[in-house]
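Reviewing the structure listed below.
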Amino acid sequence: MESAATERRIGEPDPNIEHKERKRKRIALAVTLALAVPSILYFGFRGTYERWQDDRSLSDACRGSIESSQLSQLLGTDSIQAEDVSPGGTPEFKSGTLHRCTASADNGNSLHVSLDWNENPDGGVGELRDGPFGQDPGPVSPIGHGWRGVVTGAKGRGAALVVMNCSNKTRHASLLVTLDGTFNAASSAQKSRLGFTAVHTAERAAKAWDCEADPGQDQVNDIPGDDSMKPDPPGKPKGTCRGINTSTIGSRADENAPIEDCFIQSKDGFGTQYIMSAYYPPFGKAYPLYNIDYSDPKEGSDKTYWGSAECPNGERARYVIGKRSHYRGRDTDGSETFSGDADQGKKQALKEFATQSAARHGCTNFTLR
């Protein structure tokens with residue numbers, strides 16, 4: 001007869017089988033861990049190493065001037081690497097060019113940073129205008145809160161320009177910081193984020209290149225997105241277009257904005273027909289290069305007018321009105337938009353726009369050319 005300790009009732013599990021099953025599971029678990037742990041450690045280390053590489057590249061590029069805190073949101077990913085652009089690379093280094101660097105994201109988006117002294121103002125203006133966009137993205141918007149900067153954007157690109165006046169450099173010396181990227185910059189959130197990134201990048205660049213400048217506040221304007229930039233009806237212009245009697249699209253008026261725009265809408269329904277712009281130092285000589293069709297008026301084309309005003313530092317601001325280069329409407333000479341006398345209408349519009357803009361910036365003696 002079996003003892004009570006070894007007696008097993010019918011239907012109860014065999015303890016020997018249970019022991020073997022537990023042992024088998026322990027062995028399987030050990031094998032699984034032995035195979036999995038190296039992979040976990042490898043990929044975990046690899047991910048940590050790649051993040052470290054990304055952070056290091058951002059810290060090194062342009063002497064650490066790229067602002068990383070907003071960059072991942074701007075480009076839509078955390079995986080971003082940056083590198084300096086050599087003098088023999090693109091864009092071409094010209095007189096006044098200080099440095100170039102670029103940040104590339106794993107989703108194909110990118111951001112380029114251009115640093116120039118004030119004797120090379122063309123590049124920043126070009127990035128803001130229609131050349132790289134393929135179309136005019138609308139009036140530039142001021143960054144605001146004491147910053148000398150503007151932002152523009154479209155569905156596939158965005159650009160921002162900030163001027164840092166260097167009090168410790170020679171007379172009129174300024175550091176120009178331009179951000180130009182391939183990413184969706186059409187929304188208000190993205191444009192505002194681009195402005196924030198631009199000003200903090202400019203602050204870092206000023207420190208890296210020994211430019212003692214007074215920055216703005218640690219915030220930027222809520223910059224309107226493309227969908228909210230609607231034409232104001234005739235007689236009700238706002239911002240930079242105040243005082244203009246035709247339908248316009250303007251932006252917030254700001255005494256620190258180095259560039260200001262007012263887009264005049266055509267009455268034939270083809271959108272913007274004329275662009276009025278103000279260019280303050282150091283951009284006074286860059287104004288003829290972008291946006292406007294400079295066709296020869298002797299051949300019956302619509303005429304372009306410009307003017308200037310003297311600013312407190314002795315340099316001159318420039319003001320221009322001309323037909324938008326992408327206008328394809330039927331009002332070839334502007335007589336419909338300006339109700340008859342197109343030349344007089346353009347002159348009057350430019351005078352109104354320039355006089356108010358100059359007053360904001362402390363410039364005087366506007367002269368129409």
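Residue names in the structure tokens use chain letters A, B, ... in the order shown, residue numbers from 1 in each chain, and ligand numbers from 1 in the order shown.
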- If you count only C-alpha atoms, which residues fall within 9 Å of Asp122 in chain A, apart from same-chain ones fewer than 2 positions away, as a VMD selection string? chain A and resid 119 to 120 124 to 127 283 285 to 287 289
Any chance you can output those residues with all heavy atoms as a PDB file, in the first residue's frame?
ATOM      1  N   GLU A 119      27.041  94.117 -45.667  1.00  0.00           N
ATOM      2  CA  GLU A 119      27.399  94.440 -47.050  1.00  0.00           C
ATOM      3  C   GLU A 119      26.928  93.379 -48.032  1.00  0.00           C
ATOM      4  O   GLU A 119      27.113  93.534 -49.245  1.00  0.00           O
ATOM      5  CB  GLU A 119      28.913  94.655 -47.184  1.00  0.00           C
ATOM      6  CG  GLU A 119      29.755  93.441 -46.858  1.00  0.00           C
ATOM      7  CD  GLU A 119      30.277  93.476 -45.427  1.00  0.00           C
ATOM      8  OE1 GLU A 119      29.563  93.992 -44.548  1.00  0.00           O
ATOM      9  OE2 GLU A 119      31.404  92.996 -45.196  1.00  0.00           O
ATOM     10  N   ASN A 120      26.298  92.313 -47.555  1.00  0.00           N
ATOM     11  CA  ASN A 120      25.743  91.290 -48.455  1.00  0.00           C
ATOM     12  C   ASN A 120      24.266  91.063 -48.119  1.00  0.00           C
ATOM     13  O   ASN A 120      23.888  90.028 -47.576  1.00  0.00           O
ATOM     14  CB  ASN A 120      26.532  89.981 -48.319  1.00  0.00           C
ATOM     15  CG  ASN A 120      26.055  88.927 -49.309  1.00  0.00           C
ATOM     16  OD1 ASN A 120      25.485  89.256 -50.350  1.00  0.00           O
ATOM     17  ND2 ASN A 120      26.277  87.670 -48.991  1.00  0.00           N
ATOM     18  N   GLY A 124      19.414  87.323 -48.220  1.00  0.00           N
ATOM     19  CA  GLY A 124      18.262  87.234 -47.334  1.00  0.00           C
ATOM     20  C   GLY A 124      16.987  87.708 -47.994  1.00  0.00           C
ATOM     21  O   GLY A 124      15.931  87.092 -47.848  1.00  0.00           O
ATOM     22  N   VAL A 125      17.074  88.802 -48.744  1.00  0.00           N
ATOM     23  CA  VAL A 125      15.897  89.315 -49.450  1.00  0.00           C
ATOM     24  C   VAL A 125      15.424  88.295 -50.484  1.00  0.00           C
ATOM     25  O   VAL A 125      14.222  88.059 -50.654  1.00  0.00           O
ATOM     26  CB  VAL A 125      16.207  90.671 -50.122  1.00  0.00           C
ATOM     27  CG1 VAL A 125      15.018  91.144 -50.941  1.00  0.00           C
ATOM     28  CG2 VAL A 125      16.560  91.704 -49.064  1.00  0.00           C
ATOM     29  N   GLY A 126      16.376  87.679 -51.178  1.00  0.00           N
ATOM     30  CA  GLY A 126      16.013  86.692 -52.193  1.00  0.00           C
ATOM     31  C   GLY A 126      15.253  85.510 -51.624  1.00  0.00           C
ATOM     32  O   GLY A 126      14.302  85.014 -52.242  1.00  0.00           O
ATOM     33  N   GLU A 127      15.655  85.040 -50.434  1.00  0.00           N
ATOM     34  CA  GLU A 127      14.970  83.892 -49.837  1.00  0.00           C
ATOM     35  C   GLU A 127      13.550  84.245 -49.413  1.00  0.00           C
ATOM     36  O   GLU A 127      12.669  83.386 -49.371  1.00  0.00           O
ATOM     37  CB  GLU A 127      15.759  83.377 -48.627  1.00  0.00           C
ATOM     38  CG  GLU A 127      17.168  82.897 -48.940  1.00  0.00           C
ATOM     39  CD  GLU A 127      17.206  81.773 -49.953  1.00  0.00           C
ATOM     40  OE1 GLU A 127      16.150  81.179 -50.242  1.00  0.00           O
ATOM     41  OE2 GLU A 127      18.288  81.490 -50.486  1.00  0.00           O
ATOM     42  N   PHE A 283      18.943  97.030 -46.380  1.00  0.00           N
ATOM     43  CA  PHE A 283      18.361  96.417 -47.574  1.00  0.00           C
ATOM     44  C   PHE A 283      17.969  97.421 -48.657  1.00  0.00           C
ATOM     45  O   PHE A 283      17.314  97.067 -49.626  1.00  0.00           O
ATOM     46  CB  PHE A 283      17.129  95.586 -47.185  1.00  0.00           C
ATOM     47  CG  PHE A 283      17.450  94.535 -46.177  1.00  0.00           C
ATOM     48  CD1 PHE A 283      16.984  94.637 -44.880  1.00  0.00           C
ATOM     49  CD2 PHE A 283      18.238  93.447 -46.513  1.00  0.00           C
ATOM     50  CE1 PHE A 283      17.293  93.671 -43.938  1.00  0.00           C
ATOM     51  CE2 PHE A 283      18.558  92.475 -45.590  1.00  0.00           C
ATOM     52  CZ  PHE A 283      18.085  92.585 -44.294  1.00  0.00           C
ATOM     53  N   LYS A 285      19.584  98.750 -51.030  1.00  0.00           N
ATOM     54  CA  LYS A 285      20.097  98.488 -52.375  1.00  0.00           C
ATOM     55  C   LYS A 285      19.651  97.147 -52.925  1.00  0.00           C
ATOM     56  O   LYS A 285      19.958  96.806 -54.067  1.00  0.00           O
ATOM     57  CB  LYS A 285      21.622  98.561 -52.361  1.00  0.00           C
ATOM     58  CG  LYS A 285      22.150  99.955 -52.031  1.00  0.00           C
ATOM     59  CD  LYS A 285      23.674  99.987 -52.039  1.00  0.00           C
ATOM     60  CE  LYS A 285      24.180 101.381 -51.715  1.00  0.00           C
ATOM     61  NZ  LYS A 285      25.669 101.448 -51.699  1.00  0.00           N
ATOM     62  N   ALA A 286      18.929  96.369 -52.125  1.00  0.00           N
ATOM     63  CA  ALA A 286      18.497  95.040 -52.568  1.00  0.00           C
ATOM     64  C   ALA A 286      17.098  95.071 -53.170  1.00  0.00           C
ATOM     65  O   ALA A 286      16.649  94.083 -53.737  1.00  0.00           O
ATOM     66  CB  ALA A 286      18.537  94.067 -51.398  1.00  0.00           C
ATOM     67  N   TYR A 287      16.415  96.215 -53.070  1.00  0.00           N
ATOM     68  CA  TYR A 287      14.993  96.261 -53.408  1.00  0.00           C
ATOM     69  C   TYR A 287      14.648  95.947 -54.863  1.00  0.00           C
ATOM     70  O   TYR A 287      13.567  95.423 -55.126  1.00  0.00           O
ATOM     71  CB  TYR A 287      14.405  97.631 -53.034  1.00  0.00           C
ATOM     72  CG  TYR A 287      14.713  98.725 -54.033  1.00  0.00           C
ATOM     73  CD1 TYR A 287      13.804  99.033 -55.049  1.00  0.00           C
ATOM     74  CD2 TYR A 287      15.889  99.433 -53.984  1.00  0.00           C
ATOM     75  CE1 TYR A 287      14.095 100.015 -55.976  1.00  0.00           C
ATOM     76  CE2 TYR A 287      16.177 100.419 -54.902  1.00  0.00           C
ATOM     77  CZ  TYR A 287      15.270 100.704 -55.889  1.00  0.00           C
ATOM     78  OH  TYR A 287      15.548 101.666 -56.814  1.00  0.00           O
ATOM     79  N   LEU A 289      15.417  93.648 -56.890  1.00  0.00           N
ATOM     80  CA  LEU A 289      15.756  92.328 -57.399  1.00  0.00           C
ATOM     81  C   LEU A 289      14.600  91.340 -57.468  1.00  0.00           C
ATOM     82  O   LEU A 289      14.682  90.357 -58.195  1.00  0.00           O
ATOM     83  CB  LEU A 289      16.870  91.726 -56.534  1.00  0.00           C
ATOM     84  CG  LEU A 289      18.144  92.573 -56.440  1.00  0.00           C
ATOM     85  CD1 LEU A 289      19.157  91.888 -55.531  1.00  0.00           C
ATOM     86  CD2 LEU A 289      18.747  92.779 -57.818  1.00  0.00           C
TER      87      LEU A 289
END
- Message: What's around Glu67 in chain A at 7 Å? Count only C-alpha atoms, leave out sequence neighbours fewer than 2 positions away in its own chain, and write the answer as JSON, numbers by chain.
- Response: {"A": [65, 69, 70, 71, 197, 200, 201]}
- Query: What is the CA of Ala173 in chain A-CA of Lys207 in chain A distance in Å, reported with one decimal?
  - Reply: 14.9 Å
- Task: Between A:Ile264, A:Phe270, A:Gly156, A:Ile143, single out the one closest to Asp222 in chain A, counting only C-alpha atoms.
- Result: A:Ile143
- Item | Straight-line distance linking CA of Gln265 in chain A with CA of Thr248 in chain A, stated in Å to one decimal |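 It comes out at 5.4 Å.
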- as a VMD selection string, please: all residues of range 63-280 of chain A that backbone DSSP puts in strand (DSSP E). chain A and resid 80 to 84 97 to 105 110 to 117 141 to 144 147 to 153 158 to 165 174 to 182 248 to 250 259 to 265 272 to 279
- Item | Residues within 8 Å of Ile249 in chain A, only C-alpha atoms, excluding chain neighbours under 6 positions, as a list in words | Pro139, Met229, Lys230, Pro231, Asp232, Pro237, Cys241, Cys262, Phe263, Ile264 and Gln265 of chain A
- Excluding range 319-336 of chain A and any residue of its chain fewer than 5 positions from it, enumerate the residues within 7 Å of it, using only C-alpha atoms, and give them as a VMD selection string. chain A and resid 267 to 268 270 272 to 279 291 to 293 301 to 308 341 to 342 350 354
- Item | helix (DSSP H, G or I) per DSSP on the backbone: members of range 109-358 of chain A, as a PyMOL selection string | chain A and resi 122-128+130-133+188-208+226-228+239-241+287-289+297-299+342-358
- Spatial neighbours of Ser110 in chain A, 12 Å, only C-alpha atoms, chain gap at least 4 places, as number ranges by chain: A: 71-72, 74-77, 79-83, 101-106, 156-159, 179-184
Neighbouring residues of Arg316 in chain A were defined as those with any atom within 8 Å, considering only C-alpha atoms; residues of the same chain fewer than 4 positions away were excluded. Please report them as a JSON list (two decimals) with all heavy atoms, in the first residue's frame.
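See result-v1.json below for the written result:
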[["chain", "number", "residue", "atom", "x", "y", "z"],
["A", 280, "TYR", "N", 14.34, 98.94, -45.55],
["A", 280, "TYR", "CA", 15.12, 99.78, -44.67],
["A", 280, "TYR", "C", 16.55, 99.26, -44.57],
["A", 280, "TYR", "O", 16.82, 98.08, -44.83],
["A", 280, "TYR", "CB", 14.45, 99.87, -43.29],
["A", 280, "TYR", "CG", 13.18, 100.67, -43.36],
["A", 280, "TYR", "CD1", 11.96, 100.03, -43.60],
["A", 280, "TYR", "CD2", 13.20, 102.05, -43.29],
["A", 280, "TYR", "CE1", 10.79, 100.77, -43.73],
["A", 280, "TYR", "CE2", 12.04, 102.80, -43.41],
["A", 280, "TYR", "CZ", 10.83, 102.15, -43.65],
["A", 280, "TYR", "OH", 9.68, 102.89, -43.80],
["A", 281, "PRO", "N", 17.51, 100.15, -44.22],
["A", 281, "PRO", "CA", 18.91, 99.72, -44.14],
["A", 281, "PRO", "C", 19.05, 98.45, -43.29],
["A", 281, "PRO", "O", 18.39, 98.35, -42.25],
["A", 281, "PRO", "CB", 19.59, 100.91, -43.47],
["A", 281, "PRO", "CG", 18.72, 102.09, -43.81],
["A", 281, "PRO", "CD", 17.33, 101.56, -43.83],
["A", 284, "GLY", "N", 18.38, 98.68, -48.50],
["A", 284, "GLY", "CA", 17.99, 99.70, -49.45],
["A", 284, "GLY", "C", 18.45, 99.44, -50.87],
["A", 284, "GLY", "O", 17.78, 99.81, -51.83],
["A", 308, "SER", "N", 12.50, 107.34, -52.01],
["A", 308, "SER", "CA", 13.44, 107.11, -50.92],
["A", 308, "SER", "C", 13.21, 108.12, -49.80],
["A", 308, "SER", "O", 12.55, 109.15, -49.98],
["A", 308, "SER", "CB", 14.88, 107.20, -51.43],
["A", 308, "SER", "OG", 15.18, 108.52, -51.86],
["A", 309, "ALA", "N", 13.75, 107.79, -48.64],
["A", 309, "ALA", "CA", 13.68, 108.68, -47.49],
["A", 309, "ALA", "C", 14.96, 108.53, -46.69],
["A", 309, "ALA", "O", 15.61, 107.48, -46.72],
["A", 309, "ALA", "CB", 12.47, 108.35, -46.61],
["A", 310, "GLU", "N", 15.35, 109.58, -45.98],
["A", 310, "GLU", "CA", 16.57, 109.56, -45.19],
["A", 310, "GLU", "C", 16.28, 109.08, -43.78],
["A", 310, "GLU", "O", 15.37, 109.57, -43.11],
["A", 310, "GLU", "CB", 17.21, 110.95, -45.14],
["A", 310, "GLU", "CG", 18.56, 110.96, -44.46],
["A", 310, "GLU", "CD", 19.26, 112.30, -44.56],
["A", 310, "GLU", "OE1", 18.81, 113.14, -45.37],
["A", 310, "GLU", "OE2", 20.24, 112.52, -43.83],
["A", 311, "CYS", "N", 17.06, 108.09, -43.32],
["A", 311, "CYS", "CA", 16.84, 107.48, -42.00],
["A", 311, "CYS", "C", 17.86, 108.00, -40.99],
["A", 311, "CYS", "O", 18.88, 108.59, -41.37],
["A", 311, "CYS", "CB", 16.90, 105.96, -42.13],
["A", 311, "CYS", "SG", 15.58, 105.31, -43.18]]
- Pick from A:Gly149, A:Gly340, A:Gly271, A:Gly225, whichever lies nearest to Ser247 in chain A using only C-alpha atoms: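 Going through A:Gly149, A:Gly340, A:Gly271, A:Gly225 one by one, the smallest distance to Ser247 in chain A is for A:Gly271.
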- Kindly indicate which residue among A:Ser266, A:Ser167, A:Ser141, A:Thr152 lies nearest to Ala253 in chain A, using only C-alpha atoms for the distances.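 Nearest candidate to Ala253 in chain A out of A:Ser266, A:Ser167, A:Ser141, A:Thr152: A:Ser141.
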